[in-house]
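The structure appears right after this line, and notes come after that.
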Amino acid sequence: MIGIVEAIELVKTHSKPITKETHKSLEKAGRYSLYKNFVSPINMPPFRQSAMDGYALCLHDSLTYQLIGEIKAGDSLQPTLKKGEAVRIFTGAPVPDTANAVMMQEKVTVTDSQIIVEFQIDTNHNIRPVGEQVKKGDVALKKGTKLTPAAIGYLSSLGIQEVPVFKKPNIAIVTTGNELVEAGQQLTYGKIYESNSKMLQNALYNLRFYDVSLHKVEDDFDRTKSKLDEVINHTDLVIISGGISVGDYDFVGKALEELHVEEHFYKVKQKPGKPLFFGTKNNTHIFALPGNPAAALTCFYVYVYIALQKMMDASVVELPRIKAKSLTKFIKHGDRPQFLKAVYNDGEVEILEGQSSAMLQTFALSNALVYMPEDHSNIEIGDSVEVILLPV
Ligand code: AMP
Ligand code: MG
């Protein structure tokens, strides 16, 4: 059994970026990362642009200018100004080549055909030069840049419709357990409704991983082995739920071993989620999560989340951890570090009742996990505790 810190390090070390390229239209490219340096096809701005509503001037020594015309945004006029001449101009409009500064309208007095500016201005004042943001042929965004809404806007301003991005992993969720029935089926004695597949699928959707397939297998060694063989060969990430503990009908561990999955760890000193497995085979990442639903989801956020970020080559791979003031007392039994379901709000955190690894009722109300290290046996009201913020 290894510790949490060591387990997290092993996930970081053995989770590799998916170095496959795919192309996405800009509207669907959000949160992907750029696969290569992206070169701008145009100068931005493409022409000398007025940054103000005001007057484009051909500068001279006097403060008085002759008004000879008007240019609105979108116009393609190119009047020739002589020294001492001005045109009315608006924000975003093209500044004629013969104008060398724009004076904001608030600093101008207008008479019939003349304007008087309040003071002298420098050449190029209030003119956005051609290619100020990026020049044609220069790198607009570097390889690996996360496509945020601002990045999508920027690429749109360059006329881009499609971008090369790192492919996201395709993911298989495999649930094990003879006791599980699907919603819609009758709940006969001894059965429970299956919850982990939809829960994990939704956690993945929340993180914008949509290529997720769901698989079910009974507690039977041969079927478990052949199902795992199939999904391991076809997916980048396999998330198994249940069957990884030490019961007589837990076949996942043995199946993974026979399939020659390289084990990076099995069993972590933590509560919940002790029977957690992580391994790889070729380029496939494999997690076997304990079947108890709250344990499965905790392990997803603490470990699988990191693997997903690594696979996307992200620079920040862990969920944010902050310090908060506890509003609740809590006594920890045993020496395993614990992740506690909690509600965080504005610097304060409430640890909820009902921390059993089987209970989703509490998790459903949580937006955070309080991390209680091994050597910490109780939390008092007002204590500063470590909080993991969940992406909910
Ligand atoms: P296991 O890890 O297979 O020993 O399962 C531990 C507990 O979690 C048992 O009570 C299972 O019935 C329950 N469990 C396992 N898988 C699921 C699932 N997909 N949905 C709901 N409960 C589950
Ligand atoms: Mg089971």
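Naming works like this for the structure tokens: A, B, ... for the chains as they're shown, residue 1 at the start of each chain, ligands 1 onward in shown order.
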
Mind checking which residues fall within 10 Å of Thr148 of chain A, counting only C-alpha atoms, ignoring those fewer than 6 positions away in the same chain, and posting them as an NGL selection string? :A and (29-33 or 154)

Atoms kept (all heavy atoms) for selection, written as a PDB file, in the first residue's frame:
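Contents of selection25.pdb, as written:
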ATOM      1  N   ALA A  29     -13.944  24.183 -30.641  1.00  0.00           N
ATOM      2  CA  ALA A  29     -12.539  24.014 -30.249  1.00  0.00           C
ATOM      3  C   ALA A  29     -12.260  24.446 -28.804  1.00  0.00           C
ATOM      4  O   ALA A  29     -11.144  24.290 -28.316  1.00  0.00           O
ATOM      5  CB  ALA A  29     -11.635  24.801 -31.201  1.00  0.00           C
ATOM      6  N   GLY A  30     -13.270  24.935 -28.112  1.00  0.00           N
ATOM      7  CA  GLY A  30     -13.091  25.427 -26.744  1.00  0.00           C
ATOM      8  C   GLY A  30     -12.445  24.378 -25.852  1.00  0.00           C
ATOM      9  O   GLY A  30     -12.823  23.216 -25.886  1.00  0.00           O
ATOM     10  N   ARG A  31     -11.446  24.797 -25.074  1.00  0.00           N
ATOM     11  CA  ARG A  31     -10.726  23.969 -24.096  1.00  0.00           C
ATOM     12  C   ARG A  31      -9.781  22.951 -24.718  1.00  0.00           C
ATOM     13  O   ARG A  31      -9.079  22.246 -23.992  1.00  0.00           O
ATOM     14  CB  ARG A  31     -11.675  23.218 -23.171  1.00  0.00           C
ATOM     15  CG  ARG A  31     -12.447  24.134 -22.280  1.00  0.00           C
ATOM     16  CD  ARG A  31     -12.261  23.699 -20.853  1.00  0.00           C
ATOM     17  NE  ARG A  31     -13.298  24.286 -20.038  1.00  0.00           N
ATOM     18  CZ  ARG A  31     -13.812  23.716 -18.982  1.00  0.00           C
ATOM     19  NH1 ARG A  31     -13.395  22.540 -18.603  1.00  0.00           N
ATOM     20  NH2 ARG A  31     -14.707  24.323 -18.298  1.00  0.00           N
ATOM     21  N   TYR A  32      -9.787  22.793 -26.027  1.00  0.00           N
ATOM     22  CA  TYR A  32      -8.731  21.971 -26.629  1.00  0.00           C
ATOM     23  C   TYR A  32      -7.431  22.776 -26.574  1.00  0.00           C
ATOM     24  O   TYR A  32      -7.445  23.987 -26.367  1.00  0.00           O
ATOM     25  CB  TYR A  32      -9.052  21.670 -28.092  1.00  0.00           C
ATOM     26  CG  TYR A  32     -10.032  20.539 -28.307  1.00  0.00           C
ATOM     27  CD1 TYR A  32     -11.403  20.755 -28.307  1.00  0.00           C
ATOM     28  CD2 TYR A  32      -9.573  19.245 -28.539  1.00  0.00           C
ATOM     29  CE1 TYR A  32     -12.293  19.720 -28.520  1.00  0.00           C
ATOM     30  CE2 TYR A  32     -10.448  18.198 -28.751  1.00  0.00           C
ATOM     31  CZ  TYR A  32     -11.810  18.438 -28.745  1.00  0.00           C
ATOM     32  OH  TYR A  32     -12.679  17.413 -28.948  1.00  0.00           O
ATOM     33  N   SER A  33      -6.294  22.076 -26.833  1.00  0.00           N
ATOM     34  CA  SER A  33      -5.010  22.778 -26.915  1.00  0.00           C
ATOM     35  C   SER A  33      -4.511  22.724 -28.346  1.00  0.00           C
ATOM     36  O   SER A  33      -4.677  21.699 -29.017  1.00  0.00           O
ATOM     37  CB  SER A  33      -3.976  22.104 -26.021  1.00  0.00           C
ATOM     38  OG  SER A  33      -4.430  22.121 -24.695  1.00  0.00           O
ATOM     39  N   TYR A 154      -9.840  35.671 -30.592  1.00  0.00           N
ATOM     40  CA  TYR A 154      -8.637  36.148 -31.285  1.00  0.00           C
ATOM     41  C   TYR A 154      -8.464  35.435 -32.627  1.00  0.00           C
ATOM     42  O   TYR A 154      -8.255  36.079 -33.668  1.00  0.00           O
ATOM     43  CB  TYR A 154      -7.439  35.911 -30.352  1.00  0.00           C
ATOM     44  CG  TYR A 154      -6.079  36.183 -30.920  1.00  0.00           C
ATOM     45  CD1 TYR A 154      -5.795  37.372 -31.569  1.00  0.00           C
ATOM     46  CD2 TYR A 154      -5.064  35.241 -30.773  1.00  0.00           C
ATOM     47  CE1 TYR A 154      -4.520  37.614 -32.071  1.00  0.00           C
ATOM     48  CE2 TYR A 154      -3.796  35.477 -31.269  1.00  0.00           C
ATOM     49  CZ  TYR A 154      -3.530  36.665 -31.918  1.00  0.00           C
ATOM     50  OH  TYR A 154      -2.277  36.888 -32.411  1.00  0.00           O
TER      51      TYR A 154
END

Write out as CSV a residue-level contact list of segment 250-368 of chain A versus segment 6-24 of chain A with cut-off 7 Å: for each qualifying residue the closest pair of atoms and the distance in Å to one decimal, counting only C-alpha atoms, rows sorted by chain and residue number upward.
residue,atom,partner,partner_atom,distance
A:His264,CA,A:Leu10,CA,6.7
A:His285,CA,A:Ser15,CA,6.9
A:Tyr303,CA,A:Ile8,CA,6.4
A:Ile306,CA,A:Lys12,CA,6.8
A:Ala307,CA,A:Ser15,CA,5.3
A:Lys310,CA,A:Pro17,CA,5.7
A:Met311,CA,A:Pro17,CA,3.8
A:Met312,CA,A:Pro17,CA,5.5
A:Asp313,CA,A:Pro17,CA,5.1

Hey, which residues sit close to ligand 2? Say within 10 Å, counting only C-alpha atoms and all ligand atoms, and write them as an NGL selection string. :A and (175-180 or 218-219 or 241-252 or 290-292)

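Taking only C-alpha atoms into account, Ala324 of chain A lies nearest to A:Gly382 out of the set A:Gly184, A:Gly382, A:Pro373, A:Pro272.
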
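Comparing A:Ile121, A:Ala314, A:Leu390, A:Ile171 by their smallest distance to Leu147 of chain A, the closest is A:Ala314 (using only C-alpha atoms).
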
From a DSSP pass on the backbone, collect the residues of segment 226-329 of chain A flagged as alpha helix (DSSP H) and hand them back as number ranges by chain. A: 226-234, 252-258, 293-299, 305-311

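Around Asn170 of chain A, within 8 Å and counting only C-alpha atoms, the residues found are Phe209, Asp211, Val212, Thr235, Asp236 and Leu237 of chain A, once anything fewer than 6 positions away on its own chain is removed.
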
Could you take the residues named above and write them with N, CA, C and O atoms, as a CSV table (one decimal), in the first residue's frame?
chain,number,residue,atom,x,y,z
A,209,PHE,N,-15.1,16.0,-21.8
A,209,PHE,CA,-14.7,14.8,-22.5
A,209,PHE,C,-16.0,14.1,-22.9
A,209,PHE,O,-16.7,13.6,-22.0
A,211,ASP,N,-16.2,11.7,-25.6
A,211,ASP,CA,-16.1,10.5,-26.3
A,211,ASP,C,-16.0,9.3,-25.3
A,211,ASP,O,-14.9,8.9,-24.9
A,212,VAL,N,-17.1,9.0,-24.7
A,212,VAL,CA,-17.2,8.1,-23.6
A,212,VAL,C,-18.1,6.9,-23.9
A,212,VAL,O,-19.3,7.1,-24.3
A,235,THR,N,-9.2,2.0,-26.5
A,235,THR,CA,-9.4,3.3,-25.9
A,235,THR,C,-8.1,3.8,-25.3
A,235,THR,O,-7.2,3.1,-25.0
A,236,ASP,N,-8.1,5.1,-25.0
A,236,ASP,CA,-6.9,5.8,-24.4
A,236,ASP,C,-7.0,5.7,-22.9
A,236,ASP,O,-6.0,5.7,-22.2
A,237,LEU,N,-8.2,5.6,-22.4
A,237,LEU,CA,-8.4,5.6,-20.9
A,237,LEU,C,-9.5,4.7,-20.6
A,237,LEU,O,-10.6,4.8,-21.1

Pick from A:Ser195, A:Ser226, A:Asn233, A:Asn378: nearest to ligand 1, with only C-alpha atoms and all ligand atoms counted?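 The shortest atom-to-atom distance to ligand 1 comes from A:Ser195.
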
Name the closest residue to Met104 of chain A among the candidates A:Ala358, A:Leu67, A:Leu319, A:Ile89; distances are taken between atoms, counting only C-alpha atoms. A:Ile89

In Å, how far is it from atom CA of Leu57 of chain A to atom CA of Ile127 of chain A?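 Interatomic distance here is 10.9 Å.
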